[in-house]
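Novice: Next comes the structure file entry-v4.cif, holding mmCIF, C-alpha atoms.
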data_data
#
loop_
_atom_site.label_atom_id
_atom_site.label_comp_id
_atom_site.auth_asym_id
_atom_site.auth_seq_id
_atom_site.Cartn_x
_atom_site.Cartn_y
_atom_site.Cartn_z
CA MET A 202 113.31 26.65 -85.85
CA THR A 203 111.52 24.98 -82.91
CA ARG A 204 112.69 25.98 -79.47
CA ARG A 205 113.45 23.17 -77.06
CA GLY A 206 111.17 22.66 -74.11
CA THR A 207 108.28 25.00 -75.04
CA THR A 208 105.29 22.63 -75.22
CA ASN A 209 103.11 21.41 -72.37
CA GLY A 210 100.59 18.62 -72.93
CA LEU A 211 102.59 17.00 -75.73
CA ARG A 212 101.58 13.56 -74.45
CA TRP A 213 97.95 14.38 -75.25
CA LEU A 214 98.84 15.29 -78.82
CA VAL A 215 100.72 12.00 -79.19
CA ILE A 216 97.78 9.93 -77.89
CA THR A 217 95.40 11.91 -80.11
CA LEU A 218 97.44 10.87 -83.15
CA VAL A 219 97.43 7.25 -81.94
CA ALA A 220 93.65 7.44 -81.52
CA ALA A 221 93.33 8.93 -85.03
CA ALA A 222 95.34 6.02 -86.44
CA THR A 223 92.99 3.65 -84.62
CA ILE A 224 89.94 5.35 -86.14
CA ILE A 225 91.44 4.84 -89.60
CA ASN A 226 92.31 1.25 -88.65
CA TYR A 227 88.68 0.48 -87.84
CA ILE A 228 87.27 2.26 -90.88
CA ASP A 229 89.50 0.07 -93.06
CA ARG A 230 88.73 -3.06 -91.05
CA SER A 231 84.95 -2.55 -91.00
CA ALA A 232 84.55 -1.71 -94.69
CA LEU A 233 84.25 -5.30 -95.90
CA ALA A 234 81.64 -6.23 -93.29
CA VAL A 235 79.47 -3.17 -94.00
CA MET A 236 79.56 -3.70 -97.79
CA TRP A 237 79.40 -7.50 -97.64
CA PRO A 238 75.71 -7.88 -98.57
CA GLY A 239 76.35 -5.95 -101.80
CA ILE A 240 79.75 -7.56 -102.53
CA ALA A 241 78.41 -11.06 -101.85
CA ALA A 242 75.47 -10.54 -104.19
CA GLU A 243 77.71 -9.21 -106.97
CA LEU A 244 80.40 -11.91 -106.70
CA GLY A 245 78.24 -14.86 -105.67
CA LEU A 246 79.77 -15.34 -102.20
CA ASP A 247 78.09 -16.66 -99.04
CA LYS A 248 78.44 -16.60 -95.23
CA ARG A 249 80.98 -19.42 -95.18
CA ASP A 250 83.15 -17.49 -97.65
CA TYR A 251 82.94 -14.48 -95.32
CA ALA A 252 83.93 -16.57 -92.28
CA ASN A 253 86.93 -17.96 -94.15
CA ILE A 254 88.02 -14.50 -95.35
CA VAL A 255 87.79 -13.14 -91.80
CA THR A 256 89.75 -16.13 -90.49
CA ILE A 257 92.55 -15.53 -93.01
CA PHE A 258 92.60 -11.89 -91.94
CA LEU A 259 92.94 -13.02 -88.34
CA VAL A 260 95.84 -15.34 -89.18
CA GLY A 261 97.66 -12.34 -90.63
CA TYR A 262 96.61 -10.33 -87.59
CA ALA A 263 98.02 -12.96 -85.22
CA VAL A 264 101.35 -12.97 -87.05
CA GLY A 265 101.39 -9.18 -87.12
CA GLN A 266 100.80 -8.82 -83.38
CA SER A 267 103.95 -10.68 -82.39
CA LEU A 268 105.95 -9.38 -85.38
CA PHE A 269 105.16 -5.74 -84.71
CA GLY A 270 105.58 -6.18 -80.97
CA LYS A 271 109.22 -7.02 -81.67
CA ILE A 272 109.51 -4.28 -84.33
CA PHE A 273 108.29 -1.60 -81.91
CA ASP A 274 110.71 -2.73 -79.20
CA ALA A 275 113.59 -2.88 -81.72
CA LEU A 276 112.97 0.20 -83.91
CA GLY A 277 110.90 2.41 -81.63
CA THR A 278 107.40 3.80 -81.70
CA ARG A 279 107.93 6.36 -84.48
CA ILE A 280 109.15 3.91 -87.13
CA GLY A 281 106.94 1.08 -85.90
CA PHE A 282 103.76 3.05 -86.48
CA LEU A 283 105.01 4.28 -89.85
CA LEU A 284 105.61 0.73 -91.07
CA SER A 285 102.33 -0.55 -89.66
CA ILE A 286 100.09 2.05 -91.30
CA LEU A 287 101.97 1.86 -94.61
CA VAL A 288 101.34 -1.89 -94.81
CA TRP A 289 97.66 -1.71 -93.93
CA SER A 290 96.92 1.31 -96.17
CA VAL A 291 98.48 -0.36 -99.20
CA SER A 292 96.61 -3.59 -98.50
CA ILE A 293 93.17 -1.97 -98.12
CA GLY A 294 93.76 -0.15 -101.41
CA LEU A 295 94.52 -3.49 -103.11
CA HIS A 296 90.96 -4.63 -102.29
CA PHE A 297 90.04 -2.59 -105.40
CA VAL A 298 91.28 -5.44 -107.61
CA ALA A 299 89.75 -8.33 -105.60
CA ARG A 300 87.60 -10.63 -107.72
CA GLY A 301 86.61 -13.45 -105.40
CA ALA A 302 87.07 -15.14 -102.04
CA LEU A 303 90.72 -16.06 -102.68
CA SER A 304 91.89 -12.57 -103.65
CA PHE A 305 89.92 -11.00 -100.80
CA ALA A 306 91.54 -13.47 -98.39
CA LEU A 307 95.06 -12.64 -99.60
CA PHE A 308 94.56 -8.90 -99.29
CA ARG A 309 92.85 -9.29 -95.92
CA ALA A 310 95.81 -11.32 -94.65
CA LEU A 311 98.17 -8.47 -95.55
CA LEU A 312 95.73 -6.00 -93.99
CA GLY A 313 95.77 -8.06 -90.80
CA VAL A 314 99.57 -8.03 -90.57
CA GLY A 315 99.67 -4.25 -90.88
CA GLU A 316 96.69 -3.40 -88.69
CA ALA A 317 97.98 -5.59 -85.88
CA GLY A 318 100.86 -3.19 -85.27
CA ASN A 319 98.48 -0.52 -83.99
CA TRP A 320 97.92 -2.37 -80.69
CA PRO A 321 101.41 -3.13 -79.38
CA GLY A 322 102.37 0.29 -80.76
CA ALA A 323 99.68 2.08 -78.78
CA THR A 324 100.54 0.17 -75.61
CA LYS A 325 104.21 1.08 -76.00
CA ALA A 326 103.46 4.74 -76.76
CA ILE A 327 101.29 4.99 -73.65
CA ALA A 328 103.97 3.33 -71.52
CA GLU A 329 106.53 5.86 -72.81
CA TRP A 330 104.41 9.00 -72.62
CA PHE A 331 102.22 8.55 -69.54
CA PRO A 332 102.91 8.13 -65.84
CA VAL A 333 101.35 5.07 -64.22
CA ARG A 334 98.34 6.93 -62.82
CA GLU A 335 97.35 8.24 -66.29
CA ARG A 336 98.01 5.15 -68.36
CA ALA A 337 94.53 3.67 -68.11
CA PHE A 338 93.00 6.96 -69.26
CA GLY A 339 95.53 7.14 -72.10
CA GLN A 340 94.55 3.60 -73.02
CA GLY A 341 90.92 4.71 -72.81
CA ILE A 342 91.53 7.46 -75.37
CA PHE A 343 93.16 4.89 -77.63
CA GLY A 344 90.25 2.51 -77.06
CA ALA A 345 87.80 5.29 -77.82
CA GLY A 346 89.56 5.60 -81.17
CA ALA A 347 88.57 2.00 -81.96
CA SER A 348 85.01 2.81 -80.97
CA ALA A 349 84.98 6.07 -82.94
CA GLY A 350 86.23 4.22 -86.01
CA SER A 351 83.40 1.72 -85.62
CA ILE A 352 80.91 4.59 -85.20
CA VAL A 353 82.14 6.44 -88.27
CA ALA A 354 82.59 3.39 -90.50
CA PRO A 355 78.98 2.20 -91.13
CA PRO A 356 77.50 5.53 -92.29
CA LEU A 357 80.69 6.60 -94.09
CA ILE A 358 81.14 3.30 -95.91
CA ALA A 359 77.42 3.05 -96.75
CA PHE A 360 77.51 6.59 -98.15
CA LEU A 361 80.59 5.94 -100.29
CA TYR A 362 79.22 2.58 -101.43
CA ALA A 363 75.98 4.23 -102.58
CA PHE A 364 77.82 6.83 -104.67
CA VAL A 365 81.00 5.18 -105.98
CA GLY A 366 80.59 1.43 -105.37
CA TRP A 367 82.69 -0.92 -103.28
CA LYS A 368 85.85 -0.88 -105.40
CA THR A 369 86.44 2.87 -105.32
CA THR A 370 85.43 2.97 -101.64
CA PHE A 371 88.45 0.82 -100.81
CA ILE A 372 90.74 3.25 -102.67
CA LEU A 373 89.32 6.31 -100.92
CA ILE A 374 89.69 4.94 -97.41
CA ALA A 375 93.27 3.82 -98.19
CA VAL A 376 94.18 7.48 -98.69
CA LEU A 377 93.37 8.24 -95.03
CA GLY A 378 96.38 6.28 -93.78
CA PHE A 379 98.82 8.09 -96.06
CA VAL A 380 97.45 11.45 -94.91
CA TRP A 381 97.95 10.45 -91.24
CA ILE A 382 101.67 9.77 -91.79
CA VAL A 383 102.44 13.47 -92.34
CA PRO A 384 101.51 14.81 -88.87
CA TRP A 385 102.88 11.67 -87.22
CA LEU A 386 106.39 12.21 -88.62
CA ILE A 387 106.23 15.90 -87.74
CA VAL A 388 105.05 15.43 -84.14
CA TYR A 389 106.64 12.16 -83.01
CA LYS A 390 110.31 13.07 -83.22
CA ALA A 391 111.41 11.09 -80.14
CA GLY A 392 110.22 9.83 -76.76
CA PRO A 393 109.61 12.25 -73.87
CA ALA A 394 113.18 12.03 -72.57
CA ALA A 395 114.63 13.46 -75.81
CA HIS A 396 111.77 15.20 -77.63
CA PRO A 397 112.82 18.75 -78.63
CA TRP A 398 109.35 20.27 -78.09
CA ILE A 399 108.48 19.01 -74.63
CA SER A 400 108.73 21.32 -71.64
CA ASP A 401 110.95 20.40 -68.72
CA GLU A 402 107.87 20.37 -66.50
CA GLU A 403 106.01 17.81 -68.60
CA ARG A 404 109.13 15.69 -69.12
CA SER A 405 109.70 15.55 -65.37
CA TYR A 406 106.03 14.78 -64.72
CA ILE A 407 106.02 11.85 -67.15
CA LEU A 408 109.36 10.31 -66.21
CA SER A 409 108.97 10.77 -62.45
CA GLY A 410 105.65 8.92 -62.57
CA GLN A 411 107.11 5.79 -64.16
CA LYS A 412 108.32 4.03 -61.00
CA PRO A 413 112.01 5.02 -61.05
CA ALA A 414 112.38 3.49 -57.56
CA ASP A 415 111.98 0.04 -59.09
CA ALA A 416 115.40 0.29 -60.70
CA GLN A 417 116.11 -3.42 -60.73
CA ALA A 418 112.71 -4.27 -62.22
CA ASP A 419 112.90 -1.44 -64.77
CA THR A 420 116.17 -2.84 -66.14
CA TYR A 421 114.87 -6.40 -66.34
CA VAL A 422 114.56 -7.21 -70.05
CA PRO A 423 113.64 -10.90 -70.15
CA THR A 424 114.12 -13.25 -73.05
CA MET A 425 110.94 -14.74 -74.49
CA ALA A 426 111.40 -17.86 -72.39
CA GLN A 427 111.87 -15.77 -69.23
CA LEU A 428 108.86 -13.63 -70.13
CA LEU A 429 106.69 -16.73 -70.41
CA SER A 430 107.97 -18.07 -67.09
CA HIS A 431 106.00 -15.40 -65.18
CA ARG A 432 102.37 -16.03 -64.31
CA GLN A 433 101.65 -12.32 -64.77
CA SER A 434 102.50 -12.70 -68.47
CA TRP A 435 100.14 -15.64 -68.76
CA SER A 436 97.35 -13.74 -67.04
CA VAL A 437 97.47 -11.11 -69.80
CA ILE A 438 97.82 -13.75 -72.53
CA ALA A 439 94.88 -15.80 -71.21
CA ALA A 440 92.66 -12.79 -70.50
CA ARG A 441 93.13 -11.52 -74.05
CA PHE A 442 92.43 -15.03 -75.44
CA PHE A 443 89.03 -15.09 -73.75
CA ILE A 444 87.87 -11.46 -73.92
CA ASP A 445 88.83 -10.36 -77.43
CA PRO A 446 86.45 -12.76 -79.22
CA VAL A 447 83.51 -10.85 -77.69
CA TRP A 448 84.60 -7.63 -79.43
CA TRP A 449 85.40 -9.33 -82.70
CA LEU A 450 82.09 -11.17 -82.82
CA PHE A 451 80.44 -7.78 -83.15
CA VAL A 452 83.05 -6.04 -85.31
CA SER A 453 82.97 -8.86 -87.85
CA TRP A 454 79.38 -10.10 -87.57
CA LEU A 455 77.16 -7.19 -86.47
CA PRO A 456 76.36 -6.11 -90.07
CA LEU A 457 75.53 -9.72 -91.02
CA TYR A 458 73.45 -10.13 -87.83
CA LEU A 459 71.41 -7.04 -88.73
CA ASN A 460 71.07 -8.31 -92.29
CA GLU A 461 69.97 -11.85 -91.36
CA LYS A 462 67.99 -11.17 -88.19
CA PHE A 463 66.18 -8.01 -89.29
CA GLY A 464 66.58 -7.95 -93.09
CA PHE A 465 68.76 -4.81 -93.18
CA ASP A 466 70.43 -3.76 -96.45
CA VAL A 467 73.72 -1.80 -96.69
CA LYS A 468 71.91 1.55 -96.25
CA GLN A 469 70.07 0.38 -93.10
CA ILE A 470 73.28 -1.12 -91.69
CA GLY A 471 74.86 2.31 -92.16
CA LEU A 472 71.99 3.91 -90.23
CA PHE A 473 71.99 1.48 -87.27
CA GLY A 474 75.39 -0.26 -87.19
CA TRP A 475 77.22 2.60 -85.44
CA VAL A 476 74.99 2.77 -82.35
CA PRO A 477 76.65 0.02 -80.24
CA TYR A 478 80.05 1.68 -80.58
CA VAL A 479 78.84 4.81 -78.82
CA GLY A 480 78.57 2.62 -75.73
CA ALA A 481 82.04 1.25 -76.47
CA GLY A 482 83.56 4.73 -76.68
CA ILE A 483 81.98 5.79 -73.38
CA GLY A 484 83.22 2.58 -71.77
CA ALA A 485 86.78 3.11 -72.98
CA LEU A 486 87.01 6.65 -71.61
CA GLY A 487 85.02 5.80 -68.49
CA GLY A 488 87.11 2.75 -67.64
CA GLY A 489 90.33 4.73 -67.97
CA TRP A 490 88.96 7.69 -66.02
CA LEU A 491 87.60 5.52 -63.20
CA CYS A 492 90.88 3.67 -62.73
CA GLY A 493 92.77 6.96 -62.58
CA ARG A 494 90.30 8.32 -60.05
CA LEU A 495 90.68 5.25 -57.84
CA LEU A 496 94.46 5.64 -57.95
CA ARG A 497 94.22 9.31 -56.99
CA HIS A 498 92.05 8.31 -54.01
CA GLY A 499 94.78 6.06 -52.68
CA LEU A 500 93.94 2.61 -54.05
CA SER A 501 96.86 0.49 -55.14
CA VAL A 502 97.41 -0.17 -58.84
CA ASN A 503 96.41 -3.77 -58.17
CA ARG A 504 93.04 -2.91 -56.60
CA ALA A 505 92.22 -0.11 -59.03
CA ARG A 506 92.98 -2.11 -62.21
CA LYS A 507 91.19 -5.24 -61.03
CA SER A 508 88.15 -3.37 -59.72
CA VAL A 509 87.49 -1.70 -63.05
CA ILE A 510 88.14 -4.92 -65.00
CA ALA A 511 85.68 -6.77 -62.76
CA LEU A 512 83.07 -4.02 -63.16
CA GLY A 513 83.32 -4.21 -66.94
CA LEU A 514 82.89 -7.99 -66.88
CA VAL A 515 79.89 -7.77 -64.56
CA ILE A 516 78.21 -5.39 -67.01
CA MET A 517 78.97 -7.59 -70.02
CA PHE A 518 77.64 -10.91 -68.74
CA PRO A 519 73.91 -10.19 -68.26
CA ALA A 520 73.83 -7.91 -71.31
CA LEU A 521 75.07 -10.76 -73.52
CA LEU A 522 72.35 -13.08 -72.22
CA LEU A 523 69.70 -10.37 -72.67
CA THR A 524 70.74 -9.75 -76.28
CA ALA A 525 70.21 -13.43 -77.03
CA VAL A 526 66.44 -13.00 -76.59
CA VAL A 527 65.65 -9.47 -77.87
CA GLU A 528 63.41 -9.28 -80.91
CA THR A 529 63.60 -5.67 -82.16
CA PRO A 530 66.52 -3.93 -83.89
CA LEU A 531 66.45 -0.98 -81.45
CA ALA A 532 66.61 -3.28 -78.41
CA ALA A 533 69.37 -5.29 -80.08
CA VAL A 534 71.68 -2.36 -80.84
CA LEU A 535 71.11 -0.78 -77.42
CA SER A 536 71.86 -4.00 -75.53
CA ILE A 537 74.97 -4.55 -77.68
CA ALA A 538 76.00 -0.99 -76.75
CA VAL A 539 75.89 -2.06 -73.08
CA ILE A 540 78.00 -5.15 -73.87
CA LEU A 541 80.64 -3.07 -75.63
CA PHE A 542 80.58 -0.46 -72.85
CA GLY A 543 81.57 -3.17 -70.37
CA PHE A 544 84.07 -4.69 -72.77
CA GLN A 545 85.94 -1.44 -73.31
CA ALA A 546 85.98 -0.58 -69.59
CA ALA A 547 87.64 -3.96 -68.96
CA ILE A 548 89.99 -4.16 -71.95
CA THR A 549 91.26 -0.62 -71.39
CA ASN A 550 92.73 -1.78 -68.10
CA ILE A 551 93.79 -5.24 -69.27
CA GLN A 552 95.87 -3.62 -72.01
CA THR A 553 97.75 -1.49 -69.47
CA LEU A 554 98.99 -4.58 -67.63
CA PRO A 555 102.11 -5.16 -69.81
CA SER A 556 103.37 -1.69 -68.82
CA ASP A 557 102.48 -2.37 -65.17
CA PHE A 558 104.45 -5.62 -65.16
CA PHE A 559 107.53 -4.84 -67.28
CA SER A 560 109.82 -2.05 -68.46
CA GLY A 561 109.46 -0.24 -71.79
CA ARG A 562 111.83 -2.61 -73.57
CA THR A 563 109.46 -5.53 -72.94
CA VAL A 564 106.03 -3.87 -73.15
CA GLY A 565 105.70 -4.18 -76.93
CA THR A 566 106.74 -7.83 -76.87
CA LEU A 567 104.19 -8.86 -74.22
CA ALA A 568 101.49 -6.74 -75.85
CA GLY A 569 102.24 -8.45 -79.16
CA VAL A 570 102.27 -11.99 -77.74
CA SER A 571 99.02 -11.40 -75.85
CA GLY A 572 97.56 -9.89 -79.03
CA THR A 573 98.48 -13.05 -80.92
CA SER A 574 96.79 -15.08 -78.20
CA ALA A 575 93.71 -12.88 -78.56
CA VAL A 576 93.55 -13.54 -82.27
CA LEU A 577 93.83 -17.30 -81.76
CA GLY A 578 90.81 -17.10 -79.47
CA VAL A 579 88.96 -15.05 -82.08
CA ILE A 580 89.78 -17.53 -84.87
CA ALA A 581 88.47 -20.42 -82.79
CA CYS A 582 85.19 -18.58 -82.16
CA MET A 583 84.91 -17.20 -85.70
CA GLN A 584 84.84 -20.65 -87.25
CA LEU A 585 81.94 -21.60 -84.98
CA VAL A 586 79.71 -18.70 -86.01
CA PRO A 587 78.27 -20.09 -89.28
CA ALA A 588 77.22 -23.30 -87.51
CA LEU A 589 75.96 -21.46 -84.41
CA THR A 590 73.83 -19.08 -86.49
CA GLU A 591 72.36 -21.68 -88.85
CA GLY A 592 68.95 -20.54 -90.02
CA GLY A 593 69.48 -17.00 -88.71
CA ASN A 594 69.22 -17.99 -85.03
CA TYR A 595 71.80 -15.91 -83.17
CA THR A 596 70.97 -17.03 -79.62
CA PRO A 597 73.93 -19.48 -79.41
CA PHE A 598 76.17 -16.66 -80.73
CA PHE A 599 75.44 -14.49 -77.68
CA VAL A 600 75.54 -17.41 -75.24
CA LEU A 601 79.06 -18.19 -76.48
CA GLY A 602 80.11 -14.62 -75.69
CA ALA A 603 78.61 -14.84 -72.20
CA ALA A 604 80.42 -18.12 -71.50
CA LEU A 605 83.80 -16.43 -72.11
CA VAL A 606 83.33 -13.66 -69.54
CA PRO A 607 83.95 -15.68 -66.34
CA LEU A 608 87.10 -17.12 -67.89
CA VAL A 609 88.51 -13.61 -68.28
CA PHE A 610 87.99 -12.92 -64.58
CA LEU A 611 89.63 -16.24 -63.68
CA ALA A 612 92.69 -15.43 -65.81
CA ILE A 613 93.17 -12.04 -64.13
CA TRP A 614 92.63 -13.45 -60.63
CA LEU A 615 95.13 -16.31 -61.12
CA GLY A 616 97.73 -13.85 -62.42
CA GLY A 617 98.42 -12.54 -58.94
CA PRO A 618 98.87 -8.89 -57.90
CA VAL A 619 99.39 -6.11 -60.42
CA GLU A 620 102.93 -4.99 -59.66
CA ARG A 621 106.37 -4.77 -61.28
CA VAL A 622 107.75 -8.21 -62.17
CA ARG A 623 111.21 -8.79 -60.74
CA PRO A 624 113.71 -11.25 -62.17
CA CYS A 625 113.99 -14.58 -60.42
CA ALA A 626 117.35 -15.97 -59.32
CA ASP A 627 118.03 -17.96 -62.47
CA ALA A 628 117.29 -14.91 -64.65
CA LEU A 629 119.68 -12.82 -62.56
CA SER A 630 122.52 -15.30 -62.93
CA HIS A 631 121.84 -15.74 -66.63
CA GLY A 632 121.83 -12.00 -67.20
CA ALA A 633 125.05 -11.52 -65.28
CA ALA A 634 126.74 -14.22 -67.31
CA ALA A 635 125.45 -13.11 -70.69
CA GLY A 636 125.61 -9.39 -70.02
CA THR A 637 122.68 -8.76 -72.34
CA HIS A 638 119.35 -9.12 -70.54
CA LEU A 639 120.12 -7.30 -67.30
CA ARG A 640 121.79 -3.95 -67.64
#
The structure in this file should be written as structure tokens.
Specialist:
Amino acid sequence: MTRRGTTNGLRWLVITLVAAATIINYIDRSALAVMWPGIAAELGLDKRDYANIVTIFLVGYAVGQSLFGKIFDALGTRIGFLLSILVWSVSIGLHFVARGALSFALFRALLGVGEAGNWPGATKAIAEWFPVRERAFGQGIFGAGASAGSIVAPPLIAFLYAFVGWKTTFILIAVLGFVWIVPWLIVYKAGPAAHPWISDEERSYILSGQKPADAQADTYVPTMAQLLSHRQSWSVIAARFFIDPVWWLFVSWLPLYLNEKFGFDVKQIGLFGWVPYVGAGIGALGGGWLCGRLLRHGLSVNRARKSVIALGLVIMFPALLLTAVVETPLAAVLSIAVILFGFQAAITNIQTLPSDFFSGRTVGTLAGVSGTSAVLGVIACMQLVPALTEGGNYTPFFVLGAALVPLVFLAIWLGGPVERVRPCADALSHGAAAGTHLR
């Protein structure tokens, strides 16, 4: 029988499990792109089919972001993650029976719904388990999981494809999600306030660092309409709309870029396709670490978050333009690594903003809505890619990414200071009358 209050560092075990789920998420997500040259040749599919399949996935992903944001706020982090990974593991396994563009699209839509839950779930878990000064680093560990999944996926998928073919590969990677469920249910018994394993010292450290002085703001649980009445909410929604397409352009199209630009087959994609995500992983951890360091040196949350976001954007912009003109595969993957380094440094801090602005009962909802916004931006860009890359010319592809970067900075700047959002007068009166939104 487990003794109460015996474990220090439980928050790091929780975020490690979240990062592990994210690695599995990206292995499952990347499998189709890595194996596409072989699948397309076998089934007679082309680049437009791929773009449409990815778009259908993203529609499911957009629905799943908002759906699971609400599920996590309603049912909690433990059950929310369980449902999310069950849905996406079943759906990736169903790819085994896909026979054409339509069946792939249907299974990818279901995959998108399930995988989307990982993001509002991670944001909520970090808000629950980390004090403000550690949240960006916690988000960085989670972001590094996305990068690690993208590093592992190309060689792993290429290896499995070479030995068992694409159908069995989908079955094997589906098993990973079911394996993950076991330690998750064992470890994540409750939040830090009620977890039977956590020490009193760690519980106090986590809860005392979550702005208890802002009592009025912490109990503000806005309706959706009230949430969308705050410009801080729109800054997150707009920033995600503009920045996420940059990441997805590479997650979805890097294998095809290497295939079309440099003639790579599935084996060569497996050898080179992981390199850019090393930069992404370093950026995720570095962006979280730097923000935490700035906070420890006395900078406000507002200055620390925005400084690191701006630094990431400044790194991304010239690297995107440089990649548009490189002519060797080594130069291409290295410059893309720089792009993704800057992206992860920025997004790590952007994704902490919902927990900076609102209490735990709203974090999942805003993370989900902003995630849906992100997917809408990705869908808009994704449909442009086949036309932009006509004839194998990817220069417009990278210029599009560069054009989005200043818009991210503008969205963050117009959102005002990073601080707890307080209810306005009409929200206060509404809550008092209804007795449901303000407790």
Novice: Which residue gives the smallest distance to Asp250 in chain A among A:Gly350, A:Gly499, A:Gly301, A:Gly569, with all atoms listed in the file counted?
Specialist: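 The shortest atom-to-atom distance to Asp250 in chain A comes from A:Gly301.
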Novice: Could you state which residues are captured by the PyMOL selection byres ((chain A and resi 270) around 8) in this file, as an MDAnalysis selection string?
Specialist: chainID A and resid 266:269 271:274 318 321:322 565:570
Novice: So which residues get picked by the PyMOL selection byres ((chain A and resi 549-560) around 8) here, written as a ChimeraX atom specification?
Specialist: /A:324-325,328,333,336-337,340-341,344,418-422,433-434,437,440-441,485,488-489,492,506,509-510,545-548,561-564,567-568,619-622
Novice: By how many Å are CA of Val255 in chain A and CA of Leu589 in chain A apart?
Specialist: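 Straight-line distance from CA of Val255 in chain A to CA of Leu589 in chain A works out to 16.2 Å.
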Novice: Here's the selection I'm unsure about, the PyMOL selection byres ((chain A and resi 305) around 12); applied to the file above, which residues does it give, as a PyMOL selection string?
Specialist: chain A and resi 233+237+240-241+244+246+250-258+292-304+306-313+368+371
Novice: Using C-alpha atoms, can you write the selected residues to a file as a tab-separated table (two decimals), in the coordinates of the input?
Specialist:
chain	number	residue	atom	x	y	z
A	233	LEU	CA	84.25	-5.30	-95.90
A	237	TRP	CA	79.40	-7.50	-97.64
A	240	ILE	CA	79.75	-7.56	-102.53
A	241	ALA	CA	78.41	-11.06	-101.85
A	244	LEU	CA	80.40	-11.91	-106.70
A	246	LEU	CA	79.77	-15.34	-102.20
A	250	ASP	CA	83.15	-17.49	-97.65
A	251	TYR	CA	82.94	-14.48	-95.32
A	252	ALA	CA	83.93	-16.57	-92.28
A	253	ASN	CA	86.93	-17.96	-94.15
A	254	ILE	CA	88.02	-14.50	-95.35
A	255	VAL	CA	87.79	-13.14	-91.80
A	256	THR	CA	89.75	-16.13	-90.49
A	257	ILE	CA	92.55	-15.53	-93.01
A	258	PHE	CA	92.60	-11.89	-91.94
A	292	SER	CA	96.61	-3.59	-98.50
A	293	ILE	CA	93.17	-1.97	-98.12
A	294	GLY	CA	93.76	-0.15	-101.41
A	295	LEU	CA	94.52	-3.49	-103.11
A	296	HIS	CA	90.96	-4.63	-102.29
A	297	PHE	CA	90.04	-2.59	-105.40
A	298	VAL	CA	91.28	-5.44	-107.61
A	299	ALA	CA	89.75	-8.33	-105.60
A	300	ARG	CA	87.60	-10.63	-107.72
A	301	GLY	CA	86.61	-13.45	-105.40
A	302	ALA	CA	87.07	-15.14	-102.04
A	303	LEU	CA	90.72	-16.06	-102.68
A	304	SER	CA	91.89	-12.57	-103.65
A	306	ALA	CA	91.54	-13.47	-98.39
A	307	LEU	CA	95.06	-12.64	-99.60
A	308	PHE	CA	94.56	-8.90	-99.29
A	309	ARG	CA	92.85	-9.29	-95.92
A	310	ALA	CA	95.81	-11.32	-94.65
A	311	LEU	CA	98.17	-8.47	-95.55
A	312	LEU	CA	95.73	-6.00	-93.99
A	313	GLY	CA	95.77	-8.06	-90.80
A	368	LYS	CA	85.85	-0.88	-105.40
A	371	PHE	CA	88.45	0.82	-100.81
Novice: Pick from A:Glu316, A:Glu329, A:Glu335, A:Glu403: nearest to Gly265 in chain A, with only C-alpha atoms counted?
Specialist: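 That would be A:Glu316, the residue with the smallest distance to Gly265 in chain A.
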Novice: Which residues, written as a PDB file with C-alpha atoms, in the coordinates of the input, have at least one atom at most 12 Å from Gly593 in chain A, with only C-alpha atoms counted and residues fewer than 6 positions away on the same chain left out?
Specialist:
ATOM      1  CA  LYS A 248      78.440 -16.600 -95.230  1.00  0.00           C
ATOM      2  CA  LEU A 457      75.530  -9.720 -91.020  1.00  0.00           C
ATOM      3  CA  TYR A 458      73.450 -10.130 -87.830  1.00  0.00           C
ATOM      4  CA  LEU A 459      71.410  -7.040 -88.730  1.00  0.00           C
ATOM      5  CA  ASN A 460      71.070  -8.310 -92.290  1.00  0.00           C
ATOM      6  CA  GLU A 461      69.970 -11.850 -91.360  1.00  0.00           C
ATOM      7  CA  LYS A 462      67.990 -11.170 -88.190  1.00  0.00           C
ATOM      8  CA  PHE A 463      66.180  -8.010 -89.290  1.00  0.00           C
ATOM      9  CA  GLY A 464      66.580  -7.950 -93.090  1.00  0.00           C
ATOM     10  CA  VAL A 586      79.710 -18.700 -86.010  1.00  0.00           C
ATOM     11  CA  PRO A 587      78.270 -20.090 -89.280  1.00  0.00           C
TER      12      PRO A 587
END
Novice: Which of these residues is nearest to Gly480 in chain A, using only C-alpha atoms: A:Phe542, A:Trp449, A:Trp454, A:Tyr362?
Specialist: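 Result for the nearest residue to Gly480 in chain A: A:Phe542.
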Novice: Determine the nearest neighbour of Ala220 in chain A from the options A:Trp385, A:Phe442, A:Phe331, A:Trp367, counting only C-alpha atoms.
Specialist: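 Looking at the shortest contact to Ala220 in chain A, the residue is A:Trp385.
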Novice: Which is closest to Val467 in chain A among A:Val609, A:Gly315, A:Gly617, A:Ile358, if we use only C-alpha atoms?
Specialist: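 Ranked by minimum distance to Val467 in chain A, first place goes to A:Ile358.
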Novice: Expressed in Å to a single decimal, how great is the separation between CA of Arg623 in chain A and CA of His431 in chain A?
Specialist: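 Interatomic distance, CA of Arg623 in chain A to CA of His431 in chain A: 9.5 Å.
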Novice: May I have the residues at most 9 Å from (71.7, -15.1, -78.8) in the file's coordinates, counting all atoms listed in the file, as a PyMOL selection string?
Specialist: chain A and resi 521-527+590+594-602
Novice: Which value, in Å to one decimal, gives the distance between CA of Pro355 in chain A and CA of Asp229 in chain A?
Specialist: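 Atom-to-atom, CA of Pro355 in chain A and CA of Asp229 in chain A are spaced 10.9 Å apart.
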Novice: Identify, on the basis of all atoms listed in the file, every residue whose closest approach to Pro384 in chain A does not exceed 12 Å; exclude the query and any residue fewer than 2 positions from it along the same chain; express the result as a PyMOL selection string.
Specialist: chain A and resi 214-215+217-219+221-222+279+283+378-382+386-390
